[in-house]
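Q: The following file, structure-v4.cif, comprises mmCIF, C-alpha atoms:
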```cif
data_final
#
loop_
_atom_site.label_atom_id
_atom_site.label_comp_id
_atom_site.auth_asym_id
_atom_site.auth_seq_id
_atom_site.Cartn_x
_atom_site.Cartn_y
_atom_site.Cartn_z
CA MET A 1 -21.80 5.90 30.21
CA THR A 2 -24.25 7.23 27.68
CA PRO A 3 -25.98 4.46 25.80
CA GLU A 4 -24.82 4.11 22.23
CA ILE A 5 -27.28 5.40 19.70
CA HIS A 6 -26.95 3.30 16.60
CA ARG A 7 -29.36 3.68 13.75
CA PRO A 8 -28.96 0.65 11.51
CA LEU A 9 -27.94 1.45 7.95
CA PRO A 10 -28.80 -0.74 4.99
CA ARG A 11 -25.84 -2.97 4.11
CA ASP A 12 -25.59 -1.45 0.66
CA TRP A 13 -25.62 2.20 1.78
CA TRP A 14 -22.36 2.78 -0.10
CA LEU A 15 -24.05 1.91 -3.41
CA HIS A 16 -26.69 4.61 -2.95
CA HIS A 17 -24.61 7.61 -4.03
CA PRO A 18 -21.56 7.99 -6.32
CA ALA A 19 -19.69 9.85 -3.56
CA TYR A 20 -20.23 6.97 -1.12
CA LEU A 21 -19.05 4.49 -3.75
CA LYS A 22 -15.90 6.54 -4.38
CA PHE A 23 -15.27 6.61 -0.63
CA MET A 24 -15.60 2.83 -0.41
CA ILE A 25 -13.31 2.25 -3.42
CA ARG A 26 -10.78 4.59 -1.79
CA GLU A 27 -10.87 2.59 1.45
CA LEU A 28 -10.66 -0.73 -0.44
CA THR A 29 -7.49 0.36 -2.27
CA SER A 30 -5.88 -0.95 0.93
CA LEU A 31 -6.51 -4.46 -0.46
CA ALA A 32 -4.20 -3.62 -3.38
CA VAL A 33 -1.57 -2.47 -0.86
CA LEU A 34 -2.00 -5.79 0.98
CA ALA A 35 -1.71 -7.79 -2.25
CA TYR A 36 1.56 -6.08 -3.17
CA ALA A 37 3.00 -6.58 0.32
CA LEU A 38 2.33 -10.32 -0.09
CA LEU A 39 4.07 -10.26 -3.49
CA ILE A 40 7.14 -8.64 -1.87
CA ILE A 41 7.19 -11.31 0.86
CA TRP A 42 7.06 -14.00 -1.82
CA ALA A 43 9.89 -12.28 -3.74
CA LEU A 44 12.10 -12.12 -0.61
CA TRP A 45 11.59 -15.81 0.16
CA ALA A 46 11.91 -16.93 -3.47
CA ALA A 47 15.19 -15.05 -3.94
CA ALA A 48 16.94 -17.45 -1.53
CA ASP A 49 16.85 -20.29 -4.04
CA ALA A 50 17.32 -20.29 -7.83
CA ASP A 51 14.46 -22.70 -8.61
CA SER A 52 11.96 -20.87 -6.38
CA PHE A 53 12.98 -17.60 -7.98
CA THR A 54 12.33 -19.01 -11.47
CA VAL A 55 8.81 -19.95 -10.32
CA PHE A 56 8.34 -16.38 -9.02
CA TYR A 57 9.74 -14.83 -12.20
CA ASP A 58 7.60 -17.05 -14.44
CA PHE A 59 4.54 -16.05 -12.40
CA LEU A 60 5.31 -12.36 -13.01
CA ARG A 61 5.33 -13.07 -16.76
CA SER A 62 2.04 -15.03 -16.67
CA PRO A 63 -1.25 -13.58 -17.95
CA LEU A 64 -2.75 -14.04 -14.45
CA SER A 65 -0.05 -11.84 -12.93
CA VAL A 66 -0.43 -9.21 -15.65
CA ALA A 67 -4.21 -9.14 -15.07
CA LEU A 68 -3.73 -8.82 -11.29
CA HIS A 69 -1.14 -6.08 -11.85
CA ILE A 70 -3.64 -4.12 -13.96
CA VAL A 71 -6.23 -4.24 -11.15
CA VAL A 72 -3.67 -3.44 -8.44
CA GLY A 73 -2.16 -0.69 -10.62
CA ILE A 74 -5.50 1.05 -11.16
CA LEU A 75 -6.29 0.89 -7.43
CA ALA A 76 -2.76 2.09 -6.62
CA LEU A 77 -3.12 5.13 -8.88
CA TYR A 78 -6.53 5.88 -7.37
CA HIS A 79 -4.98 5.66 -3.91
CA THR A 80 -2.15 7.99 -4.97
CA ALA A 81 -4.60 10.52 -6.44
CA THR A 82 -6.90 10.52 -3.39
CA TRP A 83 -3.95 10.60 -0.97
CA ILE A 84 -2.47 13.65 -2.73
CA ALA A 85 -5.90 15.31 -2.75
CA LEU A 86 -6.27 14.74 1.01
CA THR A 87 -2.79 15.85 2.04
CA PRO A 88 -3.41 19.65 1.82
CA LYS A 89 -6.41 19.19 4.11
CA VAL A 90 -4.23 17.55 6.76
CA LEU A 91 -1.14 19.66 6.15
CA VAL A 92 -2.25 23.30 6.08
CA GLU A 93 0.61 25.62 5.12
CA TRP A 94 0.71 29.30 6.06
CA ARG A 95 2.66 32.04 4.34
CA GLY A 96 2.45 34.93 6.77
CA ASP A 97 -1.23 35.17 7.66
CA GLN A 98 -2.24 33.79 4.26
CA LYS A 99 -3.22 30.15 3.78
CA VAL A 100 -1.33 28.54 0.89
CA ASP A 101 -3.79 27.46 -1.84
CA PRO A 102 -4.42 23.68 -1.29
CA SER A 103 -4.21 23.03 -5.03
CA VAL A 104 -0.68 24.52 -5.07
CA ILE A 105 0.35 22.07 -2.34
CA ALA A 106 -1.24 19.16 -4.21
CA TRP A 107 0.55 20.12 -7.44
CA ASN A 108 3.87 20.37 -5.64
CA ILE A 109 3.39 16.91 -4.11
CA SER A 110 2.46 15.51 -7.53
CA LEU A 111 5.61 16.99 -9.00
CA ALA A 112 7.74 15.54 -6.19
CA PHE A 113 6.09 12.12 -6.71
CA ALA A 114 6.83 12.20 -10.45
CA LEU A 115 10.44 13.05 -9.65
CA VAL A 116 10.70 10.10 -7.23
CA TRP A 117 9.22 7.74 -9.86
CA ILE A 118 11.90 8.80 -12.33
CA ILE A 119 14.63 8.32 -9.70
CA VAL A 120 13.30 4.84 -8.80
CA LEU A 121 13.17 3.78 -12.45
CA VAL A 122 16.74 5.01 -12.98
CA LEU A 123 17.88 3.10 -9.86
CA VAL A 124 16.11 -0.10 -10.92
CA PHE A 125 17.25 -0.10 -14.54
CA ALA A 126 20.72 1.42 -14.12
CA MET B 1 -4.21 -3.60 21.44
CA SER B 2 -6.51 -1.06 19.84
CA GLY B 3 -7.22 0.88 23.01
CA SER B 4 -6.95 4.64 23.38
CA LYS B 5 -3.26 4.45 24.28
CA THR B 6 -2.18 2.52 21.19
CA ALA B 7 -4.59 4.20 18.75
CA PRO B 8 -2.20 7.08 17.82
CA LEU B 9 0.49 4.53 16.91
CA PHE B 10 -1.82 2.73 14.48
CA TRP B 11 -2.97 6.02 12.94
CA LEU B 12 0.68 6.98 12.47
CA LEU B 13 1.48 3.66 10.76
CA PHE B 14 -1.67 4.01 8.63
CA SER B 15 -0.56 7.41 7.44
CA GLY B 16 3.07 6.37 6.97
CA GLY B 17 2.00 3.34 4.96
CA GLY B 18 -0.50 5.46 3.03
CA THR B 19 2.21 7.90 2.01
CA ALA B 20 4.76 5.17 1.20
CA SER B 21 2.28 3.25 -0.94
CA ALA B 22 0.92 6.38 -2.67
CA LEU B 23 4.50 7.29 -3.57
CA LEU B 24 5.98 3.92 -4.49
CA LEU B 25 3.24 1.42 -5.36
CA PRO B 26 2.53 2.74 -8.89
CA VAL B 27 6.17 2.60 -9.90
CA MET B 28 6.66 -0.84 -8.29
CA VAL B 29 3.59 -2.16 -10.13
CA PHE B 30 5.14 -0.77 -13.31
CA VAL B 31 8.38 -2.71 -12.68
CA THR B 32 6.83 -6.11 -11.85
CA GLY B 33 3.70 -5.71 -13.99
CA VAL B 34 5.08 -4.06 -17.14
CA ALA B 35 8.89 -4.13 -17.23
CA VAL B 36 9.24 -7.80 -16.27
CA PRO B 37 6.50 -9.22 -18.55
CA ALA B 38 7.81 -7.03 -21.40
CA GLY B 39 11.23 -8.60 -20.98
CA TRP B 40 13.02 -5.36 -20.05
CA MET B 41 14.35 -7.01 -16.93
CA SER B 42 15.84 -10.51 -16.98
CA GLU B 43 15.51 -13.03 -14.16
CA GLU B 44 19.16 -12.45 -13.20
CA GLU B 45 18.75 -8.68 -13.14
CA LEU B 46 15.63 -8.85 -10.95
CA LEU B 47 17.29 -11.37 -8.62
CA SER B 48 20.45 -9.34 -8.14
CA PHE B 49 18.34 -6.22 -7.56
CA ILE B 50 16.32 -7.95 -4.82
CA LYS B 51 19.47 -9.42 -3.25
CA ASN B 52 21.05 -5.99 -2.85
CA PRO B 53 21.12 -5.28 0.93
CA LEU B 54 19.67 -1.79 0.46
CA THR B 55 16.79 -3.18 -1.61
CA ARG B 56 16.11 -5.84 1.02
CA LEU B 57 16.04 -3.24 3.79
CA ALA B 58 13.71 -1.04 1.73
CA LEU B 59 11.40 -3.96 0.86
CA PHE B 60 11.21 -4.99 4.52
CA GLY B 61 10.31 -1.44 5.55
CA LEU B 62 7.69 -1.22 2.81
CA VAL B 63 6.06 -4.52 3.80
CA PHE B 64 5.88 -3.28 7.41
CA LEU B 65 4.24 0.02 6.42
CA PHE B 66 2.00 -1.46 3.69
CA LEU B 67 0.61 -4.17 5.99
CA PHE B 68 -0.16 -1.83 8.89
CA HIS B 69 -1.75 0.62 6.44
CA TRP B 70 -3.96 -2.19 5.11
CA ALA B 71 -4.81 -3.51 8.59
CA HIS B 72 -6.00 -0.12 9.83
CA ARG B 73 -7.89 1.04 6.77
CA PHE B 74 -9.44 -2.32 5.95
CA ARG B 75 -10.79 -2.97 9.43
CA TYR B 76 -12.53 0.40 9.47
CA ALA B 77 -13.87 -0.30 5.97
CA LEU B 78 -15.34 -3.53 7.33
CA VAL B 79 -17.04 -1.56 10.12
CA ASP B 80 -18.42 0.83 7.47
CA LEU B 81 -19.68 -2.15 5.49
CA GLY B 82 -21.69 -3.25 8.52
CA LEU B 83 -19.23 -5.87 9.80
CA ARG B 84 -18.76 -4.18 13.16
CA THR B 85 -17.97 -7.34 15.08
CA LEU B 86 -15.13 -8.35 12.78
CA GLY B 87 -13.82 -4.83 12.27
CA SER B 88 -13.57 -4.13 15.98
CA GLN B 89 -11.12 -7.01 16.43
CA GLY B 90 -8.07 -4.80 16.01
CA TRP B 91 -5.67 -7.43 17.39
CA LEU B 92 -6.63 -9.76 14.53
CA PHE B 93 -5.67 -7.29 11.78
CA TYR B 94 -2.62 -5.78 13.48
CA GLY B 95 -1.57 -9.32 14.42
CA MET B 96 -1.71 -10.40 10.77
CA ALA B 97 0.27 -7.28 9.81
CA LEU B 98 2.89 -8.10 12.45
CA ALA B 99 3.09 -11.73 11.30
CA GLY B 100 3.63 -10.62 7.69
CA THR B 101 6.27 -8.12 8.80
CA ILE B 102 8.17 -10.85 10.67
CA LEU B 103 7.88 -13.13 7.62
CA ALA B 104 9.36 -10.38 5.44
CA GLY B 105 12.12 -9.72 7.98
CA VAL B 106 13.14 -13.38 8.15
CA GLY B 107 13.01 -13.64 4.35
CA ALA B 108 15.17 -10.54 3.94
CA LEU B 109 17.75 -11.73 6.50
CA ARG B 110 17.98 -15.23 5.03
CA LEU B 111 19.22 -13.94 1.67
#
```
Could you take the file, read its structure, and then write that structure out as structure tokens?

A:
Amino acid sequence: MTPEIHRPLPRDWWLHHPAYLKFMIRELTSLAVLAYALLIIWALWAAADADSFTVFYDFLRSPLSVALHIVVGILALYHTATWIALTPKVLVEWRGDQKVDPSVIAWNISLAFALVWIIVLVLVFA
Amino acid sequence: MSGSKTAPLFWLLFSGGGTASALLLPVMVFVTGVAVPAGWMSEEELLSFIKNPLTRLALFGLVFLFLFHWAHRFRYALVDLGLRTLGSQGWLFYGMALAGTILAGVGALRL
């Protein structure tokens, strides 16, 4: 076993550079994902009973919920943007011996996402 | 639970949950955060949508992926923030994700 070399970093290292801050915000978008998972769990349990569902529905229409949705929505869009930007780095496509331009892959994913959003909205509102 | 043998599984769930949430979270936030408060979707409409068996199955799957995505990414973020002791307790985060998944499963089956 080689001893672990660990140089202590200041606690606020991620505030020292805009790129570090963007990295930390990207990682903390997972809290928005957690928050929405909890909302879904509440919805599933509330749907079993009419009164509980009214409480859930009234919460969704409350200013608190709208404010939380704005925060979660911004983080969700940031997560989507960074996830799409990362995907071509993980998924390298080859056409013959030529690497496909990563920005082409990212644009194609964005297009596919937009298509899925339209389909979901049609399914929900139809 | 977070040893070298199980690590690939948690990375897979992280990436599956990352893709699912990148794809669906914005549009879901739009439905519950804009469409419902704006009155485009009544209580009855939302309830019957949630009660649809396909919706329930999808919501259960999304909770599963979302929670394991959060557990994995958040515990490494804690390590990066200097909370190594807490972040290294993988069982704690994956355990919470599993508990939430079971809660969602029971909720979906009860309907």

Q: Write down, as an mmCIF file with C-alpha atoms, in the frame of the given file, each residue of chain A that has any atom within 7 Å of an atom of chain B, counting only C-alpha atoms.

A:
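Final output, out_36.cif:
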```cif
data_model
loop_
_atom_site.group_PDB
_atom_site.id
_atom_site.type_symbol
_atom_site.label_atom_id
_atom_site.label_comp_id
_atom_site.auth_asym_id
_atom_site.auth_seq_id
_atom_site.Cartn_x
_atom_site.Cartn_y
_atom_site.Cartn_z
ATOM 1 C CA ARG A 11 -25.840 -2.970 4.110
ATOM 2 C CA GLU A 27 -10.870 2.590 1.450
ATOM 3 C CA LEU A 28 -10.660 -0.730 -0.440
ATOM 4 C CA SER A 30 -5.880 -0.950 0.930
ATOM 5 C CA LEU A 31 -6.510 -4.460 -0.460
ATOM 6 C CA VAL A 33 -1.570 -2.470 -0.860
ATOM 7 C CA LEU A 34 -2.000 -5.790 0.980
ATOM 8 C CA ALA A 37 3.000 -6.580 0.320
ATOM 9 C CA ILE A 40 7.140 -8.640 -1.870
ATOM 10 C CA ILE A 41 7.190 -11.310 0.860
ATOM 11 C CA LEU A 44 12.100 -12.120 -0.610
ATOM 12 C CA TRP A 45 11.590 -15.810 0.160
ATOM 13 C CA ALA A 47 15.190 -15.050 -3.940
ATOM 14 C CA ALA A 48 16.940 -17.450 -1.530
ATOM 15 C CA TYR A 57 9.740 -14.830 -12.200
ATOM 16 C CA LEU A 60 5.310 -12.360 -13.010
ATOM 17 C CA ARG A 61 5.330 -13.070 -16.760
ATOM 18 C CA VAL A 66 -0.430 -9.210 -15.650
ATOM 19 C CA HIS A 69 -1.140 -6.080 -11.850
ATOM 20 C CA GLY A 73 -2.160 -0.690 -10.620
ATOM 21 C CA ALA A 76 -2.760 2.090 -6.620
ATOM 22 C CA LEU A 77 -3.120 5.130 -8.880
ATOM 23 C CA HIS A 79 -4.980 5.660 -3.910
ATOM 24 C CA THR A 80 -2.150 7.990 -4.970
ATOM 25 C CA TRP A 83 -3.950 10.600 -0.970
ATOM 26 C CA PHE A 113 6.090 12.120 -6.710
ATOM 27 C CA TRP A 117 9.220 7.740 -9.860
#
```

Q: State, in Å with one decimal place, the distance from atom CA of A:Pro102 to atom CA of A:Ala85.

A: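 These two atoms are separated by 8.6 Å.
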
Q: Separation of atom CA of B:Phe14 and atom CA of A:Val90, in Å?

A: 13.9 Å

Q: Please compute the atom CA of A:Val104-atom CA of A:Tyr78 distance, one decimal, in Å.

A: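 We find that atom CA of A:Val104 and atom CA of A:Tyr78 lie 19.7 Å from each other.
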
Q: Find the residues with any atom within 10 Å of (20.3, 1.4, -7.2); use only C-alpha atoms and the coordinates as given in the file, and write the answer as number ranges by chain.

A: A: 119-126; B: 49, 52, 54-55

Q: Could you give me the centre and size, in Å to one decimal, of an axis-aligned box around all listed atoms of stretch 103-109 of chain A with 8 Å added on every side, as JSON?

A:
```
{"center_x": -0.2, "center_y": 20.7, "center_z": -4.9, "size_x": 24.1, "size_y": 23.6, "size_z": 21.1}
```

Q: How would you write as a PyMOL selection string the residues that get within 7 Å of (7.6, -19.1, -6.2) in the file's frame, counting all atoms listed in the file?

A: chain A and resi 42+46+52-53+55-56
